[in-house]
Amino acid sequence: MNDRQLSKRLQRVAAYVPKGSKTADIGSDHAYLPCYLCLEDQTAKAIAGEVNEGPYLSAVSQVRQSGLTDRISVRMGNGLEVIEHADQVDVITIAGMGGALITSILEEGKGKLREVDRLILQPNVSAVTIREWLDKEGWSLTSEEIIEEDDKIYEILVADRGENVMLYEEDRKKKMLLGPYLINEMNEAFQKKWTYEMKNWERILTQFERATETPELSAKKDELKHKIEMVQEVLR
Ligand code: SAM
């Protein structure tokens with residue numbers, strides 16, 4: 001991977017950034033994504049945000065090497081604190097972290113989201129946490145993708161402000177867990193991911209069946225059974 005040749009995962013994130021956007025890439029590591037966006041689109045600008053010094057320094061060095069210091073500002077800071085004013089960016093990308101961490105970055109930086117039009121989020125796990133948060137905060141999930149790269153499966157969620165997409169009136173829990181668009185598409189990566197997850201839950205359930213029953217355990221078992229049933233229904 002480099003500034004011109006992104007991984008398939010980051011290419012799919014980049015595909016949702018509209019031309020001419022000011023993008024803040026949070027957790028930018030080598031700043032490959034903002035460099036790619038600015039090399040592909042002469043009108044693009046970006047902020048590369050990093051909380052850790054090592055990845056921050058890699059990002060600084062990559063932006064210099066790519067000759068993009070006039071269009072990409074590399075900033076060290078936690079989450080959205082690298083965005084100084086709410087009107088500085090149109091798009092935020094957060095990729096390669098868990099869904100819970102992505103959600104906490106968005107929640108802590110809520111004030112910086114007022115003028116943002118689009119969020120492009122790529123959780124490695126727990127996309128459900130992000131879907132719940134987006135829905136609670138009035139963001140509309142407008143696209144989703146699930147892809148496989150190097151034997152790993154990734155989900156990409158795109159949310160826009162101001163759209164009024166009614167997604168969850170029926171089967172809310174199932175759609176939150178699996179993704180309202182991904183359920184309809186049911187591609188190979190989707191089937192592989194959820195077959196694997198289901199088998200894993202079944203294994204856990206078998207272990208729970210052998211343990212001494214308590215009210216907590218019983219609730220956990222019911223939750224697992226419910227999730228297995230939901231996935232079975234979709235994959236059938
Ligand atoms: N976004 C790149 C990608 O998808 O390939 C890098 C992903 S890397 C696994 C996660 C990066 O996020 C790390 O460089 C880490 O230092 C950074 N990070 C984690 N928590 C962060 C936070 N709260 N604010 C900014 N950066 C963060």
# chains A, B, ... in the order shown; residues from 1 in each chain; ligands from 1
>>> residues_near_ligand(ligand="ligand 1", cutoff="7 Å", atoms="only C-alpha atoms and all ligand atoms", output="ChimeraX atom specification")
/A:10,26-29,49-52,55,77-79,94-97,105
>>> write_last_selection(atoms="N, CA and C atoms", output="PDB file, in the first residue's frame")
ATOM      1  N   LEU A  10      -9.399   0.554   1.836  1.00  0.00           N
ATOM      2  CA  LEU A  10      -9.358   2.022   1.853  1.00  0.00           C
ATOM      3  C   LEU A  10      -9.826   2.611   0.517  1.00  0.00           C
ATOM      4  N   ILE A  26      -9.493  10.491  10.557  1.00  0.00           N
ATOM      5  CA  ILE A  26      -9.132  10.377  11.977  1.00  0.00           C
ATOM      6  C   ILE A  26      -8.541   8.994  12.232  1.00  0.00           C
ATOM      7  N   GLY A  27      -7.348   8.970  12.836  1.00  0.00           N
ATOM      8  CA  GLY A  27      -6.613   7.704  12.986  1.00  0.00           C
ATOM      9  C   GLY A  27      -5.953   7.415  11.648  1.00  0.00           C
ATOM     10  N   SER A  28      -5.094   8.345  11.203  1.00  0.00           N
ATOM     11  CA  SER A  28      -4.675   8.362   9.791  1.00  0.00           C
ATOM     12  C   SER A  28      -3.388   7.588   9.542  1.00  0.00           C
ATOM     13  N   ASP A  29      -2.704   7.182  10.588  1.00  0.00           N
ATOM     14  CA  ASP A  29      -1.477   6.403  10.488  1.00  0.00           C
ATOM     15  C   ASP A  29      -0.539   6.980   9.420  1.00  0.00           C
ATOM     16  N   GLY A  49      -5.570  13.235  11.155  1.00  0.00           N
ATOM     17  CA  GLY A  49      -5.506  13.314  12.623  1.00  0.00           C
ATOM     18  C   GLY A  49      -4.961  12.026  13.216  1.00  0.00           C
ATOM     19  N   GLU A  50      -4.036  12.152  14.167  1.00  0.00           N
ATOM     20  CA  GLU A  50      -3.472  10.964  14.824  1.00  0.00           C
ATOM     21  C   GLU A  50      -3.220  11.256  16.303  1.00  0.00           C
ATOM     22  N   VAL A  51      -3.555  10.287  17.125  1.00  0.00           N
ATOM     23  CA  VAL A  51      -3.369  10.478  18.565  1.00  0.00           C
ATOM     24  C   VAL A  51      -1.983   9.990  19.013  1.00  0.00           C
ATOM     25  N   ASN A  52      -1.395   9.088  18.263  1.00  0.00           N
ATOM     26  CA  ASN A  52      -0.099   8.518  18.683  1.00  0.00           C
ATOM     27  C   ASN A  52       1.058   9.086  17.869  1.00  0.00           C
ATOM     28  N   PRO A  55       2.599   6.945  14.496  1.00  0.00           N
ATOM     29  CA  PRO A  55       1.786   7.114  13.284  1.00  0.00           C
ATOM     30  C   PRO A  55       1.690   8.569  12.832  1.00  0.00           C
ATOM     31  N   GLY A  77      -3.635  14.681  17.827  1.00  0.00           N
ATOM     32  CA  GLY A  77      -4.687  14.933  18.804  1.00  0.00           C
ATOM     33  C   GLY A  77      -5.643  13.768  18.876  1.00  0.00           C
ATOM     34  N   ASN A  78      -6.458  13.802  19.926  1.00  0.00           N
ATOM     35  CA  ASN A  78      -7.410  12.720  20.166  1.00  0.00           C
ATOM     36  C   ASN A  78      -8.702  12.947  19.374  1.00  0.00           C
ATOM     37  N   GLY A  79      -9.058  11.994  18.537  1.00  0.00           N
ATOM     38  CA  GLY A  79     -10.338  12.032  17.827  1.00  0.00           C
ATOM     39  C   GLY A  79     -10.569  13.326  17.068  1.00  0.00           C
ATOM     40  N   ILE A  94     -13.214   7.494   9.283  1.00  0.00           N
ATOM     41  CA  ILE A  94     -12.553   6.801  10.407  1.00  0.00           C
ATOM     42  C   ILE A  94     -12.513   5.321  10.024  1.00  0.00           C
ATOM     43  N   ALA A  95     -11.307   4.793   9.827  1.00  0.00           N
ATOM     44  CA  ALA A  95     -11.189   3.423   9.316  1.00  0.00           C
ATOM     45  C   ALA A  95     -10.203   2.605  10.144  1.00  0.00           C
ATOM     46  N   GLY A  96     -10.459   1.297  10.164  1.00  0.00           N
ATOM     47  CA  GLY A  96      -9.494   0.365  10.745  1.00  0.00           C
ATOM     48  C   GLY A  96      -9.513   0.285  12.256  1.00  0.00           C
ATOM     49  N   MET A  97     -10.612   0.687  12.885  1.00  0.00           N
ATOM     50  CA  MET A  97     -10.735   0.565  14.358  1.00  0.00           C
ATOM     51  C   MET A  97     -12.006  -0.224  14.670  1.00  0.00           C
ATOM     52  N   ILE A 105     -15.363   8.103  19.530  1.00  0.00           N
ATOM     53  CA  ILE A 105     -14.730   9.285  18.912  1.00  0.00           C
ATOM     54  C   ILE A 105     -15.809  10.249  18.403  1.00  0.00           C
TER      55      ILE A 105
END
>>> residues_around(residues="Asp87 (chain A)", least_positions_apart="6", cutoff="10 Å", atoms="only C-alpha atoms", output="list in words")
Lys22, Lys112, Leu113, Arg114, Glu115 and Val116 of chain A
>>> atom_distance(atom1="CA of Asp151 (chain A)", atom2="CA of Phe190 (chain A)")
12.9 Å
>>> residues_around(residues="Thr103 (chain A)", least_positions_apart="5", cutoff="8 Å", atoms="only C-alpha atoms", output="ChimeraX atom specification")
/A:129-130,133
>>> select_by_dssp(residues="region 20-214 of chain A", states="helix (DSSP H, G or I)", output="PyMOL selection string")
chain A and resi 32-40+53-65+79-82+86-88+99-108+110-113+127-136+172-178+180-185+188-210
>>> residues_around(residues="Leu39 (chain A)", least_positions_apart="5", cutoff="9 Å", atoms="only C-alpha atoms", output="VMD selection string")
chain A and resid 3 to 4 34 44 66 68
>>> residues_around(residues="region 153-160 of chain A", least_positions_apart="5", cutoff="7 Å", atoms="only C-alpha atoms", output="PyMOL selection string")
chain A and resi 13+117-124+139-148+189+193
>>> write_last_selection(atoms="C-alpha atoms", output="PDB file, in the first residue's frame")
ATOM      1  CA  VAL A  13     -13.716   4.199   1.729  1.00  0.00           C
ATOM      2  CA  ASP A 117     -22.226  16.348   5.521  1.00  0.00           C
ATOM      3  CA  ARG A 118     -20.932  12.784   5.399  1.00  0.00           C
ATOM      4  CA  LEU A 119     -19.357  10.191   7.690  1.00  0.00           C
ATOM      5  CA  ILE A 120     -17.525   7.231   6.122  1.00  0.00           C
ATOM      6  CA  LEU A 121     -16.790   4.645   8.780  1.00  0.00           C
ATOM      7  CA  GLN A 122     -14.982   1.351   8.440  1.00  0.00           C
ATOM      8  CA  PRO A 123     -15.196  -0.691  11.636  1.00  0.00           C
ATOM      9  CA  ASN A 124     -13.184  -3.905  11.908  1.00  0.00           C
ATOM     10  CA  TRP A 139     -27.683  10.448  10.688  1.00  0.00           C
ATOM     11  CA  SER A 140     -29.070   8.464   7.737  1.00  0.00           C
ATOM     12  CA  LEU A 141     -27.195   5.381   6.690  1.00  0.00           C
ATOM     13  CA  THR A 142     -27.130   5.801   2.901  1.00  0.00           C
ATOM     14  CA  SER A 143     -24.740   3.031   1.748  1.00  0.00           C
ATOM     15  CA  GLU A 144     -23.025  -0.009   3.143  1.00  0.00           C
ATOM     16  CA  GLU A 145     -20.463  -2.422   1.748  1.00  0.00           C
ATOM     17  CA  ILE A 146     -18.963  -5.636   3.007  1.00  0.00           C
ATOM     18  CA  ILE A 147     -15.741  -6.835   1.394  1.00  0.00           C
ATOM     19  CA  GLU A 148     -13.065  -9.458   1.891  1.00  0.00           C
ATOM     20  CA  ALA A 189     -18.351 -11.853   2.188  1.00  0.00           C
ATOM     21  CA  LYS A 193     -18.867 -13.472   8.005  1.00  0.00           C
TER      22      LYS A 193
END
